[in-house]
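Heads up: the structure comes next, in structure tokens.
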Amino acid sequence: MGSGRLYAAVAAGGFRRYATYRAATVAGVFTNTVFGVILVYTYLALWDEKPHLGGYDQAQAVTYVWLGQCLYATLAIQGGGAEKDLMDRIRTGEIAVDLYRPADLQLWWLAGDMGRAMFQMLGRGVVPFLFGALFFPMALPTTLTPWAAFVVTLLLATVVSFAIRYLAALSVFWLLDGMGVNQVLVITGIFFSGMVLPLNAFPGVFGEVVRVLPWAAQIQMPADVLMGETDPLRAFAFQAAWAVALLAAGRLLQSAATRRVVVQGG
Amino acid sequence: MAERGVLLEGVRAYRLIAGMWVRSSMAYRTSFVVTVFGNLTVTALDFVGILLMFSQVDSLGGWSLPEVALLYGLSATSFGIADLVLGSMDVLGARMRDGSFDTLLVRPVPVLAQVGADRFALRRLGRITQGTVVLGWALVSVDVDWSVLKVLLVPVMVVSGAAIFSAVFVAGAAFQIYAQDAAEVQNAFTYGGTTLLQYPPSVFGKDLVRGVTFMLPLAFVNWVPAVYVLGRPYPVGLPGWAAFASPPVAVACCVLAGLAWRTGLRSYRSTGS
Amino acid sequence: MEPESGFIELDGVEKVFEVRKKTGFMKRERRQVRAVDSISFRVERGEMVGYIGPNGAGKSTTIKMLTGILTPSAGRLRVAGIDPSRERRRLAHRIGVVFGQRTTLWWDLPLLDSYRLMHRMYRIPDARYRANLDRLVELLDLGDLLDVPVRQLSLGQRMRGDIAAALLHDPEVLYLDEPTIGLDVVSKSKVREFLREVNAERGTTVLLTTHDLQDIEQLCKRVMVIDHGRLMYDGPLAGLHEAGESERVLVVDLERELPPIEAPAPARVVRVDGPRQWLAFPAGESAAPLVARIAAEYPLVDLSVREPDIEAVIAKMYAEQTERAIS
């Protein structure tokens with residue numbers, strides 16, 4: 001119970017930290033909205049040409065766009081969440097302090113990142129989504145069940161997103177510089193999460209592959225759950241499986257890294 | 001006359017400072033190589049997105065792949081040039097917050113040149129390279145009755161487009177003087193602008209097209225001249241000579257952006273924030 | 001040639017900022033803050049002046065106006081006959097600025113590269129540049145550091161590097177903002193010694209802000225104290241001590257524990273701890289007679305003098321003024 005309160009406090013800290021950047025948040029809302037508008041028009045043209053592409057109708061494609069803009073900062077698709085701070089701490093050696101803290105390193109950072117995600121969702125994600133719902137036809141459920149399932153799938157998506165970035169951040173123990181890893185995060189995040197195009201509209205074998213990669217848990221799954229395009233339980237299982245696998249990999253890497261730090265003398 | 005002196009002085013200072021940044025980046029060779037490669041990949045994926053769309057359809061908004069590629073190549077190349085020259089100006093807000101902006105004001109060279117050259121990075125050549133490749137492919141694949149005028153219009157578009165995007169960057173920098181934490185807003189106009197222009201105007205709502213034609217004249221980067229080259233109609237009414245109006249539009253944008261920068265700088269010097 | 005009526009001149013210079021304060025949800029109140037409130041002074045060519053005051057007193061705002069970074073709200077301001085706010089770039093050739101906590105050197109490049117940039121940016125004639133560089137390298141002991149990337153330099157080395165960068169173009173006036181902050185004792189004395197030499201050798205006018213009273217004591221005959229945007233004191237350092245009635249402390253280590261030393265008034269023992277004793281005496285007076293007397297009459301092992309710090313001096317000065325005002 002005591003440790004539960006600790007991580008809740010860490011999460012609250014993450015939330016508050018991002019809440020202080022007010023102007024930046026407003027700027028982000030504006031930018032996401034502009035990009036949403038541009039994407040919506042291109043998708044409408046695409047679905048106009050090929051109705052039911054990827055099993056979506058036009059309203060669903062529009063919903064997908066605004067959901068993507070809504071989750072863009074929440075899931076740190078381009079990076080810029082907890083992993084950024086973690087990389088800095090590893091590079092400067094301050095990470096040694098974290099290792100002596102009577103808390104679990106991975107859970108500590110996960111809690112902080114969940115707090116950040118929560119703020120990004122409310123502060124930065126909701127407004128563009130509402131803007132989209134107001135000015136474009138969207139396919140939103142009218143019953144409560146899909147929304148409830150959506151909340152669960154979002155939580156799982158946040159954990160998967162964190163687990164990927166945590167792995168990337170830990171690599172700095174060996175690479176000593178986060179530049180290259182960050183590049184990889186941006187590229188994979190944008191492309192394999194389906195920011196460019198919904199993953200179910202990707203053609204052929206390529207499409208089959210990207211739909212089972214962990215990034216599919218980030219935007220595609222929540223979108224499909226919200227719009228009733230997939231069985232929620234199947235989506236949860238997919239997301240949870242990746243979350244567990246990636247978090248476990250993170251733990252392995254973390255203990256290897258810790259040993260390294262201890263051997264080097266902190 | 002004095003204006004011209006300032007311009008030359010600015011270009012000279014820009015080259016000096018940009019050179020320092022290039023040498024600084026060479027201090028971390030591996031990172032440099034990695035970021036060059038990463039930058040090239042990110043921009044390439046940009047176009048892969050369009051290719052993915054065309055793997056599902058034969059035309060978008062009535063435009064074929066080579067036609068969209070022409071728009072893409074023009075937009076990416078001119079944006080890439082502006083991005084290379086002035087793309088790091090979003091650090092201006094941070095410089096003001098930490099006070100290092102003041103150190104630029106005690107130098108005997110124009111502040112805009114110093115801000116523009118700040119964090120100059122050759123890795124930004126990636127976008128120009130990729131844009132040029134797509135543009136080259138589009139030029140040979142697109143179905144056009146080439147005339148001398150149309151051929152000449154291509155380099156004119158790239159240069160004017162780069163100037164228009166540069167004006168957007170400078171206006172964004174001026175905006176940051178007033179809203180230091182809101183640097184991301186300019187992304188909506190820079191990255192958002194180049195993304196918008198990669199797609200055919202026929203895709204977008206008429207009001208949006210009107211807005212980027214008459215208010216924020218991004219359409220003169222490629223849309224307006226390109227519809228003339230391709231012999232396509234423009235969604236909103238424009239006189240025939242508009243296809244050749246890109247250079248004067250670019251000059252006007254640069255003048256306005258310069259004025260905005262001057263006003264911003266004057267305001268900074270009187271308010272200190 | 002205009003008459004030399006003061007190299008730096010300020011006449012009723014003011015700087016008013018408008019501050020917006022949040023007073024509730026979406027409500028903001030505009031308030032005017034007078035950062036610099038009608039300041040007038042002049043500094044002659046070749047003077048070395050300390051400009052001191054608590055944080056937020058208006059020191060850096062004044063320096064920013066003198067360097068052309070900020071435009072004054074009112075008043076007249078001239079540096080070398082130039083109006084800094086109107087001819088910022090022309091002025092830049094004639095002034096050097098060192099921001100204590102903010103290096104202008106290129107972090108990842110060898111020190112020399114930063115100097116080469118100055119050479120070209122300020123269009124310093126080649127011969128002049130080489131001569132200046134040689135002399136600065138010699139005086140500031142930079143010879144071994146020229147090829148070292150700035151990020152690898154210690155704080156003291158970097159400060160010396162920054163000072164050299166500010167002087168390559170032969171500025172007639174040098175502004176230093178906390179030039180010894182965070183430096184170790186050796187670096188501090190190197191920097192001070194150098195500034196004295198530059199001032200003597202080239203007649204460079206020096207205006208420095210500092211929290212370290214020793215900087216002022218060892219460098220400046222004249223001190224200006226600013227607080228709440230107003231000039232509170234302008235005169236010799238000794239006078240400041242008088243005004244503030246500040247005290248220095250002599251720390252004496254004796255051979256053994258002894259009763260408090262009988263010192264001539266106004267000096268007096270303020271603390272005894274075993275063989276160590278602390279004696280306070282007026283900061284304006286020399287410590288020499290006191291030291292001589294103790295050395296003659298007591299078994300002295302070691303001694304040191306602790307300087308009062310600037311904040312303490314100013315705080316005392318205000319206390320005096322308030323008392324006087326009340327009585």
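Following the order of the structure tokens, first chain is A, next is B, and so on, with residues numbered from 1 inside each chain and ligands from 1 in the order they appear.
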
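Near chain B, the residues of chain A that fall inside 6 Å (using only C-alpha atoms) are Ala23, Ala24, Ala27, Thr31, Tyr41, Ala45, Gly180, Gln183, Ile187 and Val196 of chain A.
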
Could you work out which residues of chain C fall inside 6 Å of chain B? Count only C-alpha atoms, and format the result as a PDB file with N, CA and C atoms, in the first residue's frame.
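Writing the result to iface_5.pdb gives the following:
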```
ATOM      1  N   PHE C  17       9.558  48.389 -16.779  1.00  0.00           N
ATOM      2  CA  PHE C  17       9.013  47.175 -17.385  1.00  0.00           C
ATOM      3  C   PHE C  17       7.545  47.057 -17.032  1.00  0.00           C
ATOM      4  N   ILE C  69      21.717  46.385 -25.362  1.00  0.00           N
ATOM      5  CA  ILE C  69      20.754  45.277 -25.417  1.00  0.00           C
ATOM      6  C   ILE C  69      19.347  45.811 -25.168  1.00  0.00           C
ATOM      7  N   LEU C  70      19.213  46.679 -24.177  1.00  0.00           N
ATOM      8  CA  LEU C  70      17.914  47.253 -23.852  1.00  0.00           C
ATOM      9  C   LEU C  70      17.885  48.745 -24.156  1.00  0.00           C
ATOM     10  N   THR C  71      16.714  49.215 -24.513  1.00  0.00           N
ATOM     11  CA  THR C  71      16.518  50.634 -24.782  1.00  0.00           C
ATOM     12  C   THR C  71      15.985  51.303 -23.513  1.00  0.00           C
ATOM     13  N   ARG C  89      25.362  48.225 -33.162  1.00  0.00           N
ATOM     14  CA  ARG C  89      26.458  47.514 -33.816  1.00  0.00           C
ATOM     15  C   ARG C  89      27.754  48.320 -33.849  1.00  0.00           C
ATOM     16  N   ALA C  92      29.253  48.018 -30.522  1.00  0.00           N
ATOM     17  CA  ALA C  92      29.794  46.684 -30.236  1.00  0.00           C
ATOM     18  C   ALA C  92      31.285  46.601 -30.521  1.00  0.00           C
ATOM     19  N   ASP C 108      32.255  22.965 -28.069  1.00  0.00           N
ATOM     20  CA  ASP C 108      32.869  21.742 -28.585  1.00  0.00           C
ATOM     21  C   ASP C 108      34.141  21.983 -29.389  1.00  0.00           C
ATOM     22  N   LEU C 109      34.524  23.253 -29.520  1.00  0.00           N
ATOM     23  CA  LEU C 109      35.685  23.548 -30.365  1.00  0.00           C
ATOM     24  C   LEU C 109      36.865  24.008 -29.520  1.00  0.00           C
TER      25      LEU C 109
END
```

One-decimal distance in Å that lies between atom CA of A:Val181 and atom CA of B:Arg123: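 It comes out at 16.0 Å.
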
Residue contacts of C:Asp113 (10 Å, only C-alpha atoms) excluding same-chain residues fewer than 2 positions away, as a list in words: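 In the requested form, the answer reads Met20 and Arg23 of chain B; Leu105, Trp106, Asp108, Leu109, Pro110, Leu111, Tyr115, Arg116, Leu117, Met118, His119, Leu146, Asp147, Val148, Pro149 and Val150 of chain C.
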
Two-atom distance - atom CA of B:Gly136, atom CA of B:Ala76 (Å):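 According to the coordinates, atom CA of B:Gly136 and atom CA of B:Ala76 are separated by 12.1 Å.
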
All residues 9 Å or closer to B:Val168, only C-alpha atoms, same chain fewer than 2 positions away omitted, as JSON, numbers by chain: {"B": [163, 164, 165, 166, 170, 171, 172, 173, 186, 189, 190, 253, 254, 257]}

Can you write out the residues you just picked, keeping N, CA and C atoms, as a compact mmCIF listing (two decimals), in the first residue's frame?
```
# COMPACT_ATOMS: atom_id res chain seq x y z
N ALA B 163 12.29 30.90 -50.57
CA ALA B 163 12.18 32.24 -49.99
C ALA B 163 10.89 32.38 -49.18
N ILE B 164 9.79 31.83 -49.70
CA ILE B 164 8.52 31.93 -48.96
C ILE B 164 8.62 31.17 -47.63
N PHE B 165 9.17 29.95 -47.68
CA PHE B 165 9.32 29.20 -46.43
C PHE B 165 10.28 29.90 -45.48
N SER B 166 11.34 30.53 -46.03
CA SER B 166 12.26 31.26 -45.17
C SER B 166 11.53 32.38 -44.45
N VAL B 170 11.25 33.12 -40.45
CA VAL B 170 11.60 34.39 -39.80
C VAL B 170 10.40 34.95 -39.04
N ALA B 171 9.22 34.87 -39.65
CA ALA B 171 8.01 35.33 -38.94
C ALA B 171 7.80 34.50 -37.68
N GLY B 172 8.09 33.20 -37.77
CA GLY B 172 7.98 32.34 -36.60
C GLY B 172 8.94 32.77 -35.50
N ALA B 173 10.15 33.15 -35.91
CA ALA B 173 11.13 33.63 -34.93
C ALA B 173 10.63 34.90 -34.26
N GLN B 186 5.00 27.44 -34.72
CA GLN B 186 5.54 27.63 -36.06
C GLN B 186 5.65 26.32 -36.83
N PHE B 189 2.98 25.88 -39.31
CA PHE B 189 3.10 26.60 -40.58
C PHE B 189 4.26 26.10 -41.43
N THR B 190 5.35 25.65 -40.77
CA THR B 190 6.49 25.19 -41.55
C THR B 190 6.29 23.73 -41.98
N CYS B 253 6.67 38.48 -49.10
CA CYS B 253 6.70 37.70 -47.85
C CYS B 253 7.96 38.01 -47.05
N CYS B 254 9.10 38.05 -47.75
CA CYS B 254 10.36 38.29 -47.05
C CYS B 254 10.37 39.68 -46.42
N ALA B 257 8.13 39.61 -43.39
CA ALA B 257 8.76 38.85 -42.30
C ALA B 257 9.89 39.66 -41.67
```

Nearby residues (only C-alpha atoms) at most 8 Å from B:Val249, same-chain spacing under 3 positions excluded, as a list in words: Ile164, Pro217, Phe220, Ala245, Ser246, Ala252 and Cys253 of chain B

Residues just named, written with C-alpha atoms as a tab-separated table (two decimals), in the first residue's frame:
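And here's selection04.tsv as it stands now:
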```tsv
chain	number	residue	atom	x	y	z
B	164	ILE	CA	8.52	31.93	-48.96
B	217	PRO	CA	0.39	32.62	-49.70
B	220	PHE	CA	2.79	30.13	-54.53
B	245	ALA	CA	3.67	35.58	-59.52
B	246	SER	CA	5.76	33.43	-57.19
B	252	ALA	CA	6.69	40.53	-50.40
B	253	CYS	CA	6.70	37.70	-47.85
```

Selection: 10 Å around stretch 214-221 of chain A, only C-alpha atoms, excl. self and same-chain fewer than 5 positions, as a ChimeraX atom specification: /A:64-65,67-72,75,77,150,153-161,163-164,188-195,197-200,209,226-227,229-230,232,234-236,238-243,245-246

Between atom CA of C:Val19 and atom CA of B:Gly116, distance in Å (one decimal):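 Atom-to-atom, atom CA of C:Val19 and atom CA of B:Gly116 are spaced 29.2 Å apart.
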
C:Val269 environment, 10 Å, only C-alpha atoms, sequence neighbours closer than 3 positions dropped, as a ChimeraX atom specification: /C:249-251,260-263,272,277-281

Please tabulate, as a Markdown table, the residues of stretch 92-155 of chain C that come within 10 Å of stretch 208-227 of chain C, each with its closest pair of atoms and the distance in Å to one decimal, counting only C-alpha atoms and ordering rows by chain, then residue number upward.
```
| residue | atom | partner | partner_atom | distance |
| --- | --- | --- | --- | --- |
| C:Val97 | CA | C:Leu208 | CA | 10.0 |
| C:Val98 | CA | C:Leu208 | CA | 9.4 |
| C:Gly100 | CA | C:Thr210 | CA | 9.4 |
```

Saved selection, atoms kept: N, CA and C atoms, as a PDB file, in the first residue's frame:
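Result saved to out.pdb:
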```
ATOM      1  N   VAL C  97      32.223  42.600 -23.505  1.00  0.00           N
ATOM      2  CA  VAL C  97      31.301  42.189 -22.457  1.00  0.00           C
ATOM      3  C   VAL C  97      31.620  40.766 -22.017  1.00  0.00           C
ATOM      4  N   VAL C  98      31.693  40.564 -20.719  1.00  0.00           N
ATOM      5  CA  VAL C  98      31.870  39.212 -20.194  1.00  0.00           C
ATOM      6  C   VAL C  98      30.711  38.910 -19.257  1.00  0.00           C
ATOM      7  N   GLY C 100      29.486  36.603 -16.626  1.00  0.00           N
ATOM      8  CA  GLY C 100      30.170  35.649 -15.751  1.00  0.00           C
ATOM      9  C   GLY C 100      29.712  34.216 -15.858  1.00  0.00           C
TER      10      GLY C 100
END
```

Filtered DSSP result for stretch 186-247 of chain C, state alpha helix (DSSP H), as number ranges by chain: C: 186-202, 213-219, 237-244

I need the residues from that last selection saved to file as a short mmCIF file (atom, residue, chain, number, x, y, z; two decimals), in the first residue's frame (with N, CA and C atoms), if you can.
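Output (result_11.cif):
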```
data_model
loop_
_atom_site.label_atom_id
_atom_site.label_comp_id
_atom_site.auth_asym_id
_atom_site.auth_seq_id
_atom_site.Cartn_x
_atom_site.Cartn_y
_atom_site.Cartn_z
N VAL C 186 42.98 30.80 -6.55
CA VAL C 186 44.07 31.08 -7.48
C VAL C 186 43.54 31.75 -8.75
N SER C 187 42.46 31.18 -9.29
CA SER C 187 41.88 31.76 -10.51
C SER C 187 41.39 33.18 -10.26
N LYS C 188 40.77 33.39 -9.10
CA LYS C 188 40.30 34.73 -8.77
C LYS C 188 41.44 35.73 -8.81
N SER C 189 42.54 35.37 -8.17
CA SER C 189 43.61 36.35 -8.09
C SER C 189 44.25 36.55 -9.47
N LYS C 190 44.27 35.48 -10.28
CA LYS C 190 44.80 35.63 -11.65
C LYS C 190 43.96 36.62 -12.43
N VAL C 191 42.63 36.45 -12.34
CA VAL C 191 41.72 37.32 -13.08
C VAL C 191 41.89 38.77 -12.62
N ARG C 192 41.96 38.96 -11.31
CA ARG C 192 42.08 40.34 -10.79
C ARG C 192 43.38 40.99 -11.23
N GLU C 193 44.45 40.21 -11.12
CA GLU C 193 45.76 40.73 -11.50
C GLU C 193 45.74 41.15 -12.96
N PHE C 194 45.11 40.30 -13.77
CA PHE C 194 45.05 40.60 -15.19
C PHE C 194 44.26 41.89 -15.46
N LEU C 195 43.14 42.02 -14.79
CA LEU C 195 42.31 43.21 -15.02
C LEU C 195 43.07 44.47 -14.65
N ARG C 196 43.80 44.41 -13.56
CA ARG C 196 44.61 45.57 -13.17
C ARG C 196 45.61 45.90 -14.27
N GLU C 197 46.23 44.86 -14.82
CA GLU C 197 47.24 45.10 -15.85
C GLU C 197 46.64 45.68 -17.12
N VAL C 198 45.52 45.14 -17.53
CA VAL C 198 44.87 45.64 -18.74
C VAL C 198 44.49 47.11 -18.56
N ASN C 199 43.96 47.40 -17.39
CA ASN C 199 43.55 48.76 -17.09
C ASN C 199 44.76 49.70 -17.13
N ALA C 200 45.88 49.24 -16.58
CA ALA C 200 47.07 50.10 -16.53
C ALA C 200 47.72 50.20 -17.90
N GLU C 201 47.80 49.08 -18.59
CA GLU C 201 48.53 49.01 -19.85
C GLU C 201 47.79 49.70 -20.99
N ARG C 202 46.49 49.45 -21.10
CA ARG C 202 45.74 49.98 -22.24
C ARG C 202 44.80 51.10 -21.88
N LEU C 213 33.32 41.31 -2.39
CA LEU C 213 33.85 42.60 -1.99
C LEU C 213 35.35 42.69 -2.27
N GLN C 214 36.00 41.53 -2.27
CA GLN C 214 37.44 41.56 -2.55
C GLN C 214 37.73 41.99 -3.98
N ASP C 215 36.85 41.62 -4.89
CA ASP C 215 37.02 42.09 -6.28
C ASP C 215 37.13 43.61 -6.28
N ILE C 216 36.18 44.23 -5.59
CA ILE C 216 36.12 45.69 -5.56
C ILE C 216 37.35 46.24 -4.84
N GLU C 217 37.65 45.64 -3.69
CA GLU C 217 38.74 46.15 -2.88
C GLU C 217 40.05 46.14 -3.64
N GLN C 218 40.27 45.07 -4.39
CA GLN C 218 41.56 44.95 -5.06
C GLN C 218 41.58 45.65 -6.41
N LEU C 219 40.43 46.02 -6.93
CA LEU C 219 40.42 46.56 -8.29
C LEU C 219 39.91 47.99 -8.40
N LEU C 237 35.61 53.21 -1.94
CA LEU C 237 35.22 52.03 -1.18
C LEU C 237 35.24 52.29 0.32
N ALA C 238 36.27 53.04 0.77
CA ALA C 238 36.39 53.33 2.20
C ALA C 238 35.11 54.00 2.70
N GLY C 239 34.61 54.90 1.91
CA GLY C 239 33.40 55.62 2.29
C GLY C 239 32.22 54.68 2.44
N LEU C 240 32.20 53.66 1.59
CA LEU C 240 31.12 52.68 1.66
C LEU C 240 31.19 51.95 2.98
N HIS C 241 32.40 51.60 3.37
CA HIS C 241 32.57 50.91 4.64
C HIS C 241 32.09 51.80 5.78
N GLU C 242 32.43 53.12 5.66
CA GLU C 242 31.98 54.04 6.69
C GLU C 242 30.46 54.08 6.73
N ALA C 243 29.92 54.24 5.53
CA ALA C 243 28.47 54.34 5.46
C ALA C 243 27.83 53.08 6.01
N GLY C 244 28.44 51.95 5.71
CA GLY C 244 27.86 50.70 6.17
C GLY C 244 28.40 50.27 7.52
#
```
